[in-house]
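Undergrad: Next comes final-v3.txt, compact mmCIF, C-alpha atoms:
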```txt
# COMPACT_ATOMS: atom_id res chain seq x y z
CA MET A 81 95.79 133.01 102.37
CA MET A 82 93.44 130.17 103.36
CA ASP A 83 90.74 130.90 105.92
CA TYR A 84 91.16 129.16 109.23
CA ARG A 85 87.98 127.18 109.79
CA LYS A 86 86.99 126.51 113.36
CA MET A 87 83.96 124.77 114.79
CA GLU A 88 83.37 125.47 118.46
CA ILE A 89 80.57 124.57 120.83
CA ASN A 90 80.60 126.11 124.28
CA GLY A 91 77.80 124.91 126.51
CA ALA A 92 75.42 122.78 124.52
CA GLY A 93 74.78 122.64 120.82
CA SER A 94 74.84 120.72 117.58
CA VAL A 95 76.39 121.10 114.15
CA THR A 96 75.77 119.39 110.84
CA GLY A 97 79.38 118.39 110.15
CA GLY A 98 81.86 119.60 107.55
CA GLU A 99 85.57 120.28 107.12
CA TYR A 100 87.51 122.31 109.64
CA ASP A 101 91.02 123.05 110.76
CA ARG A 102 89.95 122.83 114.38
CA ILE A 103 86.91 121.52 116.22
CA GLU A 104 86.36 122.14 119.89
CA ILE A 105 83.53 121.12 122.15
CA ASN A 106 83.42 122.46 125.68
CA GLY A 107 80.26 121.07 127.22
CA SER A 108 77.83 118.89 125.34
CA GLY A 109 77.86 118.67 121.57
CA LYS A 110 76.31 116.72 118.76
CA ILE A 111 77.76 116.39 115.28
CA LYS A 112 75.03 115.29 112.92
CA GLY A 113 77.08 114.35 109.88
CA ASP A 114 80.56 113.50 108.63
CA VAL A 115 83.31 115.72 109.99
CA LYS A 116 86.92 116.22 108.87
CA PHE A 117 89.44 118.20 110.87
CA ASP A 118 93.10 118.72 111.55
CA TYR A 119 92.82 119.04 115.32
CA GLY A 120 89.85 118.12 117.51
CA GLU A 121 89.30 118.54 121.21
CA ILE A 122 86.32 117.42 123.26
CA ASN A 123 86.04 118.59 126.84
CA GLY A 124 82.74 117.15 127.99
CA THR A 125 80.48 114.92 125.96
CA CYS A 126 80.01 114.52 122.27
CA LYS A 127 77.92 112.33 120.03
CA CYS A 128 78.84 112.08 116.38
CA LEU A 129 76.40 110.50 113.96
CA GLY A 130 78.70 110.60 110.95
CA LYS A 131 82.27 109.62 110.13
CA MET A 132 85.18 111.34 111.84
CA ASN A 133 88.43 111.91 110.03
CA GLY A 134 91.25 113.92 111.56
CA ARG A 135 94.93 114.22 112.35
CA ILE A 136 94.62 114.59 116.15
CA LEU A 137 91.63 114.04 118.38
CA GLU A 138 91.74 114.51 122.13
CA VAL A 139 88.77 113.43 124.23
CA ASN A 140 88.51 114.58 127.84
CA GLY A 141 85.16 113.15 128.83
CA SER A 142 82.96 111.05 126.63
CA LEU A 143 82.65 110.48 122.89
CA LYS A 144 80.12 108.29 121.16
CA VAL A 145 80.50 107.76 117.43
CA GLU A 146 77.88 106.04 115.30
CA ASN A 147 80.11 105.55 112.27
CA ASP A 148 83.70 104.79 111.30
CA ILE A 149 86.54 106.99 112.48
CA LYS A 150 90.04 107.46 111.09
CA ILE A 151 92.39 109.57 113.19
CA GLY A 152 96.16 110.03 113.17
CA LYS A 153 96.53 110.32 116.94
CA LEU A 154 93.54 109.51 119.15
CA GLU A 155 93.80 110.26 122.85
CA VAL A 156 90.92 109.35 125.14
CA ASN A 157 90.82 110.44 128.76
CA GLY A 158 87.40 109.11 129.67
CA ILE A 159 85.13 106.98 127.54
CA TYR A 160 84.90 106.22 123.83
CA THR A 161 82.04 104.11 122.56
CA SER A 162 80.83 103.08 119.15
CA LEU A 163 78.69 100.35 117.63
CA LYS A 164 79.84 97.93 114.94
CA ASN A 165 82.17 100.51 113.42
CA LYS A 166 85.84 100.82 112.59
CA VAL A 167 88.23 102.73 114.82
CA TYR A 168 91.31 103.34 112.70
CA ALA A 169 94.30 105.32 113.87
CA ASP A 170 98.05 105.51 113.74
CA ARG A 171 98.18 105.81 117.51
CA ILE A 172 95.57 105.28 120.22
CA SER A 173 96.05 106.16 123.89
CA VAL A 174 93.26 105.46 126.32
CA SER A 175 93.06 106.37 129.95
CA GLY A 176 89.60 105.06 130.77
CA TRP A 177 87.44 102.87 128.57
CA MET A 178 87.21 102.24 124.85
CA LYS A 179 84.32 100.13 123.67
CA THR A 180 83.24 99.12 120.19
CA GLU A 181 81.52 96.14 118.62
CA GLY A 182 83.69 96.56 115.54
CA GLU A 183 87.39 96.63 114.72
CA ILE A 184 90.10 98.72 116.35
CA SER A 185 93.18 98.99 114.17
CA ALA A 186 96.25 101.09 114.93
CA ASP A 187 100.01 100.92 114.77
CA TYR A 188 100.25 101.58 118.48
CA ILE A 189 97.55 101.07 121.11
CA GLU A 190 98.09 101.75 124.78
CA VAL A 191 95.27 101.42 127.29
CA ASP A 192 95.28 102.28 131.00
CA GLY A 193 91.83 100.99 131.87
CA ARG A 194 89.59 98.85 129.73
CA ILE A 195 89.13 98.07 126.09
CA SER A 196 86.31 96.03 124.55
CA ALA A 197 86.10 95.22 120.86
CA GLU A 198 85.26 92.46 118.44
CA SER A 199 88.73 92.72 116.95
CA ILE A 200 91.89 94.62 117.93
CA VAL A 201 94.72 94.60 115.39
CA GLY A 202 97.94 96.48 114.88
CA ASP A 203 101.62 96.55 115.60
CA VAL A 204 102.14 97.12 119.34
CA ILE A 205 99.26 96.69 121.78
CA LYS A 206 99.60 97.27 125.53
CA ILE A 207 96.69 96.93 127.93
CA HIS A 208 97.12 97.84 131.59
CA ASN A 209 94.20 97.04 133.85
CA LEU A 210 93.47 99.88 136.23
CA ARG A 211 91.49 98.87 139.28
CA GLY A 212 89.78 102.15 139.90
CA ILE A 213 88.92 104.03 136.74
CA SER A 214 88.12 107.68 137.03
CA ILE A 215 85.84 108.62 134.16
CA LEU A 216 85.63 112.30 135.02
CA GLY A 217 81.93 111.86 135.78
CA PHE A 218 80.82 111.89 132.16
CA ASN A 219 79.50 108.36 131.66
CA LEU A 220 76.15 109.25 130.12
CA PHE A 221 75.91 106.76 127.30
CA SER A 222 77.15 103.43 128.54
CA SER A 223 76.34 100.51 130.76
CA PRO A 224 78.52 99.88 133.83
CA ILE A 225 82.23 99.63 133.12
CA PRO A 226 83.35 95.97 132.92
CA ASN A 227 85.94 94.69 135.35
CA GLN A 228 88.20 93.43 132.57
CA SER A 229 89.07 94.10 128.96
CA CYS A 230 87.73 91.73 126.35
CA ALA A 231 88.00 90.98 122.66
CA ASP A 232 87.10 88.16 120.30
CA ASN A 233 90.24 88.47 118.23
CA ILE A 234 93.59 90.21 118.75
CA GLU A 235 96.35 90.24 116.13
CA CYS A 236 99.56 92.21 116.32
CA THR A 237 103.31 92.06 116.30
CA SER A 238 103.76 92.62 120.05
CA PHE A 239 101.03 92.14 122.64
CA GLN A 240 101.13 92.84 126.35
CA ALA A 241 98.06 92.69 128.58
CA GLU A 242 96.71 92.36 132.07
CA HIS A 243 93.33 90.91 133.00
CA ILE A 244 91.95 90.43 129.53
CA CYS A 245 89.37 87.93 128.37
CA CYS A 246 89.87 86.91 124.77
CA LYS A 247 88.91 84.17 122.33
CA ARG A 248 92.03 84.33 120.19
CA ILE A 249 95.37 86.11 120.31
CA GLU A 250 97.71 85.89 117.36
CA ALA A 251 101.02 87.73 117.70
CA GLN A 252 104.74 87.51 117.24
CA ASN A 253 105.40 88.10 120.96
CA ILE A 254 102.90 87.89 123.80
CA LYS A 255 103.07 88.77 127.48
CA LEU A 256 100.06 88.07 129.71
CA SER A 257 99.64 88.70 133.41
CA ARG A 258 97.07 89.20 136.15
CA LYS A 259 94.33 86.68 135.39
CA CYS A 260 94.15 86.80 131.60
CA ASP A 261 91.71 84.26 130.20
CA VAL A 262 92.39 83.25 126.60
CA GLU A 263 90.85 80.40 124.64
CA GLU A 264 93.54 80.16 121.99
CA VAL A 265 96.96 81.66 121.38
CA TYR A 266 98.97 81.59 118.18
CA CYS A 267 102.52 82.80 118.73
CA ASP A 268 105.64 82.61 116.60
CA GLY A 269 108.11 84.25 118.97
CA THR A 270 107.92 84.39 122.75
CA LEU A 271 104.90 83.69 124.91
CA ARG A 272 105.20 84.78 128.54
CA TYR A 273 102.43 84.36 131.07
CA ASP A 274 102.09 84.01 134.81
CA ALA A 275 100.35 81.32 136.84
CA SER A 276 97.20 83.40 137.28
CA CYS A 277 96.50 83.28 133.54
CA ARG A 278 94.50 80.60 131.77
CA ILE A 279 95.24 79.68 128.14
CA GLY A 280 93.10 77.01 126.50
CA LYS A 281 95.30 76.14 123.55
CA ILE A 282 98.75 77.23 122.37
CA ASN A 283 99.65 77.01 118.69
CA GLY A 284 102.71 78.11 116.79
CA ASP A 285 106.41 77.68 117.07
CA CYS A 286 107.03 79.77 120.16
CA THR A 287 109.25 79.87 123.22
CA ILE A 288 107.10 79.63 126.34
CA ILE A 289 108.20 81.38 129.51
CA ASN A 290 106.18 80.96 132.71
CA ASP A 291 106.63 83.95 135.01
CA MET B 840 94.15 79.83 94.92
CA GLU B 841 94.44 81.24 98.44
CA ILE B 842 97.19 81.79 100.97
CA SER B 843 96.76 81.93 104.74
CA LYS B 844 97.81 85.00 106.68
CA LYS B 845 100.47 83.00 108.52
CA GLU B 846 102.02 81.76 105.28
CA LEU B 847 101.81 85.26 103.82
CA LEU B 848 103.69 86.85 106.73
CA GLN B 849 106.35 84.13 106.63
CA MET B 850 106.76 84.28 102.87
CA THR B 851 106.93 88.07 102.57
CA GLY B 852 108.63 88.91 105.87
CA ILE B 853 106.11 91.65 106.64
CA SER B 854 104.73 92.11 110.14
CA TYR B 855 101.13 92.11 111.41
CA GLY B 856 101.56 95.85 111.94
CA GLN B 857 102.47 96.45 108.30
CA LEU B 858 99.66 94.25 107.00
CA TYR B 859 97.01 96.05 109.02
CA ARG B 860 98.47 99.49 108.29
CA TRP B 861 98.21 98.77 104.57
CA LYS B 862 94.66 97.51 105.07
CA ARG B 863 93.72 100.74 106.95
CA GLU B 864 95.23 102.83 104.17
CA LYS B 865 93.34 100.79 101.53
CA LEU B 866 96.52 99.56 99.90
CA ILE B 867 95.20 96.06 100.48
CA PRO B 868 91.46 95.89 99.83
CA GLU B 869 89.35 94.78 102.77
CA GLU B 870 87.51 92.25 100.63
CA TRP B 871 90.80 90.36 100.11
CA PHE B 872 90.66 89.34 103.81
CA HIS B 873 88.58 86.11 103.87
CA LYS B 874 87.86 84.54 107.22
CA GLN B 875 87.43 80.79 107.12
CA SER B 876 87.22 78.04 109.71
CA SER B 877 90.27 75.82 109.97
CA TYR B 878 91.47 73.16 112.41
CA THR B 879 93.11 75.88 114.52
CA GLY B 880 89.98 78.03 114.58
CA GLN B 881 89.17 81.07 112.41
CA GLU B 882 91.94 81.88 109.99
CA THR B 883 92.32 84.62 107.44
CA PHE B 884 93.05 83.81 103.81
CA PHE B 885 93.90 85.98 100.81
CA PRO B 886 93.81 85.55 97.02
CA LYS B 887 97.39 84.36 96.65
CA GLU B 888 98.58 85.86 93.39
CA LYS B 889 96.89 89.19 94.00
CA ILE B 890 98.19 89.70 97.53
CA LEU B 891 101.77 88.61 96.78
CA SER B 892 101.87 90.85 93.75
CA ARG B 893 100.40 93.77 95.71
CA ILE B 894 102.87 93.44 98.58
CA GLU B 895 105.75 93.29 96.15
CA ARG B 896 104.52 96.52 94.54
CA ILE B 897 104.09 98.25 97.87
CA GLN B 898 107.60 97.36 98.91
CA GLN B 899 108.95 98.67 95.62
CA LEU B 900 107.08 101.97 95.89
CA LYS B 901 107.03 102.74 99.61
CA ASP B 902 110.24 104.75 99.68
CA GLN B 903 109.06 107.01 96.86
CA TYR B 904 105.41 107.60 97.68
CA SER B 905 103.23 108.18 100.74
CA LEU B 906 100.67 105.55 101.70
CA GLU B 907 97.87 107.78 100.43
CA GLU B 908 99.58 108.25 97.04
CA MET B 909 100.15 104.53 96.73
CA ALA B 910 96.49 103.80 97.52
CA ARG B 911 95.40 106.15 94.70
CA MET B 912 97.72 104.41 92.28
CA LEU B 913 97.21 100.80 93.33
CA SER B 914 93.58 100.80 94.46
CA PRO B 915 91.80 103.72 92.83
CA GLU B 916 88.46 102.08 93.47
CA ALA B 917 89.16 101.70 97.17
CA SER B 918 90.93 104.99 97.79
CA GLU B 919 89.10 108.28 97.91
CA ARG B 920 90.55 109.38 94.58
CA LEU B 921 88.10 111.50 92.64
CA PHE B 922 87.96 112.10 88.90
CA HIS B 923 86.77 115.48 87.65
CA GLU B 924 84.86 116.56 84.59
CA GLU B 925 88.04 117.14 82.59
CA ASP B 926 89.21 113.60 83.48
CA LEU B 927 86.05 112.12 81.94
CA GLU B 928 87.15 113.47 78.56
CA VAL B 929 90.29 111.33 78.75
CA PHE B 930 88.30 108.11 78.93
CA ASN B 931 87.42 107.41 75.28
CA GLU B 932 85.08 104.66 76.41
CA ILE B 933 82.66 107.16 77.99
CA ASP B 934 80.18 108.20 75.32
CA VAL B 935 80.65 111.96 74.85
CA GLU B 936 76.95 112.49 74.28
CA LEU B 937 76.24 110.56 77.42
CA THR B 938 78.62 112.53 79.68
CA ALA B 939 76.20 115.38 80.33
CA THR B 940 73.33 112.94 80.90
CA LEU B 941 75.38 110.93 83.35
CA MET B 942 76.67 113.98 85.24
CA ASP B 943 73.11 115.21 85.53
CA ALA B 944 71.86 111.84 86.76
CA PHE B 945 74.67 111.61 89.34
CA SER B 946 74.08 115.28 90.29
CA LYS B 947 77.76 115.97 90.81
CA ASP B 948 80.95 116.69 88.91
CA GLU B 949 83.44 114.54 90.81
CA PHE B 950 83.38 110.77 90.52
CA THR B 951 84.96 107.76 92.14
CA PHE B 952 86.73 105.16 90.03
CA VAL B 953 83.82 102.74 90.48
CA GLU B 954 81.44 105.40 89.12
CA ILE B 955 83.79 105.90 86.15
CA LEU B 956 83.65 102.15 85.48
CA LEU B 957 79.87 102.23 85.63
CA MET B 958 79.77 105.15 83.19
CA ILE B 959 81.93 103.13 80.81
CA ALA B 960 79.67 100.09 81.27
CA LEU B 961 76.58 102.20 80.54
CA SER B 962 78.25 103.70 77.47
CA MET B 963 78.95 100.19 76.20
CA ILE B 964 75.33 99.18 76.85
CA ARG B 965 73.93 102.33 75.23
CA GLN B 966 75.97 101.75 72.12
CA GLU B 967 75.18 98.06 71.82
CA PHE B 968 71.44 98.40 72.39
CA SER B 969 70.97 101.87 70.84
CA LEU B 970 69.35 103.21 73.99
CA ALA B 971 68.12 106.78 74.18
CA ASP B 972 69.64 109.27 76.62
CA ASP B 973 66.54 109.33 78.76
CA GLN B 974 66.55 105.52 79.09
CA VAL B 975 70.14 105.64 80.35
CA HIS B 976 69.29 108.56 82.64
CA GLU B 977 66.43 106.56 84.14
CA MET B 978 68.66 103.52 84.69
CA VAL B 979 71.29 105.60 86.50
CA GLU B 980 68.69 107.33 88.68
CA ASN B 981 67.28 103.99 89.74
CA ILE B 982 70.65 102.36 90.49
CA LEU B 983 72.10 105.43 92.24
CA PRO B 984 71.02 104.57 95.82
CA ALA B 985 72.69 101.16 95.51
CA LEU B 986 75.78 102.67 93.93
CA GLN B 987 76.39 104.76 97.02
CA GLU B 988 76.93 101.55 98.96
CA ILE B 989 79.40 100.15 96.43
CA HIS B 990 83.04 101.15 96.88
CA THR B 991 84.83 98.30 95.13
CA SER B 992 84.93 96.98 91.59
CA ASP B 993 84.22 93.31 92.37
CA TYR B 994 80.72 93.52 90.96
CA ASP B 995 79.06 92.37 87.76
CA VAL B 996 76.73 94.76 85.97
CA TYR B 997 73.77 93.07 84.36
CA MET B 998 71.39 94.72 81.97
CA TYR B 999 68.14 92.88 81.76
CA GLU B 1000 64.81 93.43 80.15
CA ILE B 1001 61.52 92.87 81.89
CA GLN B 1002 58.23 93.50 80.14
CA GLY B 1003 59.83 95.93 77.72
CA ALA B 1004 61.72 97.93 80.35
CA HIS B 1005 65.50 97.94 80.62
CA CYS B 1006 66.97 97.67 84.09
CA ILE B 1007 70.37 97.43 85.72
CA LEU B 1008 71.40 94.93 88.35
CA MET B 1009 74.70 95.09 90.21
CA VAL B 1010 75.72 91.81 91.77
CA LYS B 1011 78.75 90.90 93.84
CA GLU B 1012 81.16 88.71 91.85
CA GLY B 1013 80.64 85.02 92.34
CA THR B 1014 76.97 85.32 93.30
CA VAL B 1015 74.71 82.85 91.57
CA LEU B 1016 71.59 84.52 90.20
CA TYR B 1017 68.23 82.83 89.90
CA LEU B 1018 65.91 85.08 87.97
CA ASP B 1019 62.23 85.17 87.21
CA GLY B 1020 61.83 83.71 83.72
CA ARG B 1021 60.31 86.97 82.51
CA MET B 1022 63.60 88.72 83.12
CA LYS B 1023 65.87 88.43 80.14
CA VAL B 1024 69.57 89.12 80.73
CA LEU B 1025 70.86 91.06 77.74
CA LYS B 1026 74.39 91.87 78.86
CA ARG B 1027 76.85 91.18 81.66
CA ILE B 1028 79.91 93.32 82.28
CA ARG B 1029 82.49 92.31 84.88
CA LEU B 1030 83.74 95.49 86.53
CA THR B 1031 86.92 93.73 87.71
CA GLU B 1032 87.93 92.94 84.15
CA LEU B 1033 86.89 96.40 83.01
CA SER B 1034 88.96 97.92 85.82
CA ASP B 1035 92.06 95.98 84.74
CA THR B 1036 91.55 97.04 81.11
CA ILE B 1037 91.03 100.71 81.95
CA ARG B 1038 93.90 100.89 84.43
CA THR B 1039 96.22 99.29 81.87
CA LYS B 1040 95.10 101.60 79.08
CA TYR B 1041 95.28 104.83 81.11
CA GLN B 1042 98.22 103.90 83.27
CA SER B 1043 100.36 106.85 82.27
CA GLN B 1044 97.61 109.48 82.22
CA PHE B 1045 96.38 108.71 85.74
CA HIS B 1046 99.49 107.07 87.23
CA PHE B 1047 97.69 103.81 87.87
CA VAL B 1048 100.08 101.16 89.08
CA LEU B 1049 99.34 97.64 88.00
CA ASP B 1050 99.98 94.62 90.20
```
Taking this structure as input, can you express it in the form of structure tokens?

TA:
Amino acid sequence: MMDYRKMEINGAGSVTGGEYDRIEINGSGKIKGDVKFDYGEINGTCKCLGKMNGRILEVNGSLKVENDIKIGKLEVNGIYTSLKNKVYADRISVSGWMKTEGEISADYIEVDGRISAESIVGDVIKIHNLRGISILGFNLFSSPIPNQSCADNIECTSFQAEHICCKRIEAQNIKLSRKCDVEEVYCDGTLRYDASCRIGKINGDCTIIND
Amino acid sequence: MEISKKELLQMTGISYGQLYRWKREKLIPEEWFHKQSSYTGQETFFPKEKILSRIERIQQLKDQYSLEEMARMLSPEASERLFHEEDLEVFNEIDVELTATLMDAFSKDEFTFVEILLMIALSMIRQEFSLADDQVHEMVENILPALQEIHTSDYDVYMYEIQGAHCILMVKEGTVLYLDGRMKVLKRIRLTELSDTIRTKYQSQFHFVLD
């Protein structure tokens, strides 16, 4: 019978990293190296200096990662920040703010709040702009939360967003509302946007619908 | 010859979601994604024959194998597949006398596919230039820090001589080298070509799948 390996921090502490079935941080934790896990839960704040690789990761508070992460299902209720790193997942749900200077890639991305990245790619991406974000009081690492989502490049099959600022969106189907500001769109299917949105240039063989 | 992402999606019928999922799972190597400026802005291009062949293979295999299994078969150098001590014995190209020296220099007994290719390259060099074990050991020790940054096989291995000492240089494919005249290049081995040869030869033993 295999041993069940658990890493748990209650209060404040740090660990070197390693492979676990379950990691749990209740308070303030620091992971100093690469960590692999089946299930991870952060209730509080966590800073990870190495790579994170896991099946499920739930963040209730704040997570800062200084390396690439690859998670099956990533759920963030609070803030996720990283530098010029990859955020790879099958599924990402954010209620709060996700910020990286690198690439976010997932089959399904749903954000209630804000998302900032150099590049966001995947299958289905939905960004809902919440006016008043509750960050559970754990914003220790970041600058003030921006008032809109932003990205240099977005590519996906289906894209739906409110109040996003973006250089380029390339997707099969696009729906924009509530003051989106996009320099260039490439769309092969349907492009829907309302009068509050600004689009610099539209390319592709798409059906345009003005809401 | 290259193909744009737009043409690729149209020609193959795959979606953005599938393309980026396969990239995340290392079924399509990251270095195949080339960003170039075009009249519509930044566009992504791929090596045409390679990507079309790879996508065809993925579509043939996807109902039989998981994404992780396919990555090990199609992109052993990109996936996290490890080869163990007993696997080294299968590769006739690795000098038997050198195996212990190389394992000692690497300080481990599990190796990535790129490290296997380098071992084969060093065996070829040792044989051709009748180098002693300690000379090879010294070369490996000195190249090891760089090797930890290399995860793909699109590199050329140069052996050069400078003032009687033999040294190794690993250079990204396509890079033009301008060397000090005192450095004499004795051998160049293209790891891409070596990878194709080895994967073809040991296809059945290691379940490599060729494009």

Undergrad: So, counting all atoms listed in the file, which residue among A:Ser199, A:Asn140, A:Asn209, A:Asn253 is closest to Ser185 in chain A?

TA: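 Of A:Ser199, A:Asn140, A:Asn209, A:Asn253, the one nearest Ser185 in chain A, counting all atoms listed in the file, is A:Ser199.
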
Undergrad: Quick one: which residues from chain A are at most 12 Å off chain B, using all atoms listed in the file, as number ranges by chain?

TA: A: 148-152, 166-171, 183-189, 199-205, 232-239, 247-253, 263-268, 281-285

Undergrad: Kindly indicate which residue among B:Phe968, B:Leu957, B:Phe945, B:Lys865 lies nearest to Glu908 in chain B, using all atoms listed in the file for the distances.

TA: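 Once distances to Glu908 in chain B are computed over all atoms listed in the file, the minimum belongs to B:Lys865.
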
Undergrad: Could you check which residues have any atom within 12 Å of (93.3, 127.2, 109.5), counting only C-alpha atoms with coordinates taken straight from the file, and then list them as a list in words?

TA: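 The distance filter leaves exactly Met81, Met82, Asp83, Tyr84, Arg85, Lys86, Met87, Glu99, Tyr100, Asp101, Arg102, Ile103, Phe117, Asp118 and Tyr119 of chain A.
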
Undergrad: What is the distance, in Å and to one decimal place, between CA of Glu88 in chain A and CA of Glu104 in chain A?

TA: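 Result for CA of Glu88 in chain A versus CA of Glu104 in chain A: 4.7 Å, one decimal.
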
Undergrad: Starting from the incomplete input, reconstruct N, CA, C and O atoms of range 848-864 of chain B and write that as a PDB file, keeping the file's coordinate frame.

TA:
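So out-v9.pdb came out as:
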```pdb
ATOM      1  N   LEU B 848     102.721  86.100 105.919  1.00  0.00           N
ATOM      2  CA  LEU B 848     103.690  86.850 106.730  1.00  0.00           C
ATOM      3  C   LEU B 848     105.065  86.179 106.676  1.00  0.00           C
ATOM      4  O   LEU B 848     106.096  86.847 106.593  1.00  0.00           O
ATOM      5  N   GLN B 849     105.064  84.856 106.683  1.00  0.00           N
ATOM      6  CA  GLN B 849     106.350  84.130 106.630  1.00  0.00           C
ATOM      7  C   GLN B 849     107.019  84.334 105.274  1.00  0.00           C
ATOM      8  O   GLN B 849     108.213  84.585 105.190  1.00  0.00           O
ATOM      9  N   MET B 850     106.213  84.230 104.229  1.00  0.00           N
ATOM     10  CA  MET B 850     106.760  84.280 102.870  1.00  0.00           C
ATOM     11  C   MET B 850     107.287  85.679 102.524  1.00  0.00           C
ATOM     12  O   MET B 850     108.326  85.818 101.882  1.00  0.00           O
ATOM     13  N   THR B 851     106.568  86.708 102.969  1.00  0.00           N
ATOM     14  CA  THR B 851     106.930  88.070 102.570  1.00  0.00           C
ATOM     15  C   THR B 851     107.818  88.779 103.592  1.00  0.00           C
ATOM     16  O   THR B 851     108.437  89.784 103.268  1.00  0.00           O
ATOM     17  N   GLY B 852     107.830  88.267 104.825  1.00  0.00           N
ATOM     18  CA  GLY B 852     108.630  88.910 105.870  1.00  0.00           C
ATOM     19  C   GLY B 852     108.005  90.181 106.426  1.00  0.00           C
ATOM     20  O   GLY B 852     108.640  90.901 107.191  1.00  0.00           O
ATOM     21  N   ILE B 853     106.755  90.461 106.073  1.00  0.00           N
ATOM     22  CA  ILE B 853     106.110  91.650 106.640  1.00  0.00           C
ATOM     23  C   ILE B 853     105.523  91.295 108.003  1.00  0.00           C
ATOM     24  O   ILE B 853     105.336  90.125 108.321  1.00  0.00           O
ATOM     25  N   SER B 854     105.254  92.334 108.790  1.00  0.00           N
ATOM     26  CA  SER B 854     104.730  92.110 110.140  1.00  0.00           C
ATOM     27  C   SER B 854     103.203  92.281 110.144  1.00  0.00           C
ATOM     28  O   SER B 854     102.625  92.814 109.183  1.00  0.00           O
ATOM     29  N   TYR B 855     102.569  91.868 111.222  1.00  0.00           N
ATOM     30  CA  TYR B 855     101.130  92.110 111.410  1.00  0.00           C
ATOM     31  C   TYR B 855     100.859  93.617 111.295  1.00  0.00           C
ATOM     32  O   TYR B 855      99.883  94.047 110.689  1.00  0.00           O
ATOM     33  N   GLY B 856     101.745  94.395 111.931  1.00  0.00           N
ATOM     34  CA  GLY B 856     101.560  95.850 111.940  1.00  0.00           C
ATOM     35  C   GLY B 856     101.514  96.414 110.523  1.00  0.00           C
ATOM     36  O   GLY B 856     100.659  97.233 110.198  1.00  0.00           O
ATOM     37  N   GLN B 857     102.441  95.962 109.683  1.00  0.00           N
ATOM     38  CA  GLN B 857     102.470  96.450 108.300  1.00  0.00           C
ATOM     39  C   GLN B 857     101.222  96.015 107.547  1.00  0.00           C
ATOM     40  O   GLN B 857     100.607  96.810 106.833  1.00  0.00           O
ATOM     41  N   LEU B 858     100.837  94.772 107.713  1.00  0.00           N
ATOM     42  CA  LEU B 858      99.660  94.250 107.000  1.00  0.00           C
ATOM     43  C   LEU B 858      98.427  95.066 107.332  1.00  0.00           C
ATOM     44  O   LEU B 858      97.678  95.481 106.437  1.00  0.00           O
ATOM     45  N   TYR B 859      98.222  95.325 108.617  1.00  0.00           N
ATOM     46  CA  TYR B 859      97.010  96.050 109.020  1.00  0.00           C
ATOM     47  C   TYR B 859      97.103  97.542 108.734  1.00  0.00           C
ATOM     48  O   TYR B 859      96.082  98.201 108.511  1.00  0.00           O
ATOM     49  N   ARG B 860      98.306  98.075 108.705  1.00  0.00           N
ATOM     50  CA  ARG B 860      98.470  99.490 108.290  1.00  0.00           C
ATOM     51  C   ARG B 860      98.083  99.626 106.825  1.00  0.00           C
ATOM     52  O   ARG B 860      97.383 100.554 106.436  1.00  0.00           O
ATOM     53  N   TRP B 861      98.521  98.707 106.002  1.00  0.00           N
ATOM     54  CA  TRP B 861      98.210  98.770 104.570  1.00  0.00           C
ATOM     55  C   TRP B 861      96.715  98.529 104.323  1.00  0.00           C
ATOM     56  O   TRP B 861      96.141  99.059 103.385  1.00  0.00           O
ATOM     57  N   LYS B 862      96.113  97.722 105.181  1.00  0.00           N
ATOM     58  CA  LYS B 862      94.660  97.510 105.070  1.00  0.00           C
ATOM     59  C   LYS B 862      93.923  98.819 105.439  1.00  0.00           C
ATOM     60  O   LYS B 862      93.003  99.241 104.748  1.00  0.00           O
ATOM     61  N   ARG B 863      94.344  99.483 106.527  1.00  0.00           N
ATOM     62  CA  ARG B 863      93.720 100.740 106.950  1.00  0.00           C
ATOM     63  C   ARG B 863      93.828 101.798 105.859  1.00  0.00           C
ATOM     64  O   ARG B 863      92.901 102.567 105.634  1.00  0.00           O
ATOM     65  N   GLU B 864      94.982 101.813 105.192  1.00  0.00           N
ATOM     66  CA  GLU B 864      95.230 102.830 104.170  1.00  0.00           C
ATOM     67  C   GLU B 864      94.715 102.403 102.803  1.00  0.00           C
ATOM     68  O   GLU B 864      94.986 103.069 101.807  1.00  0.00           O
TER      69      GLU B 864
END
```
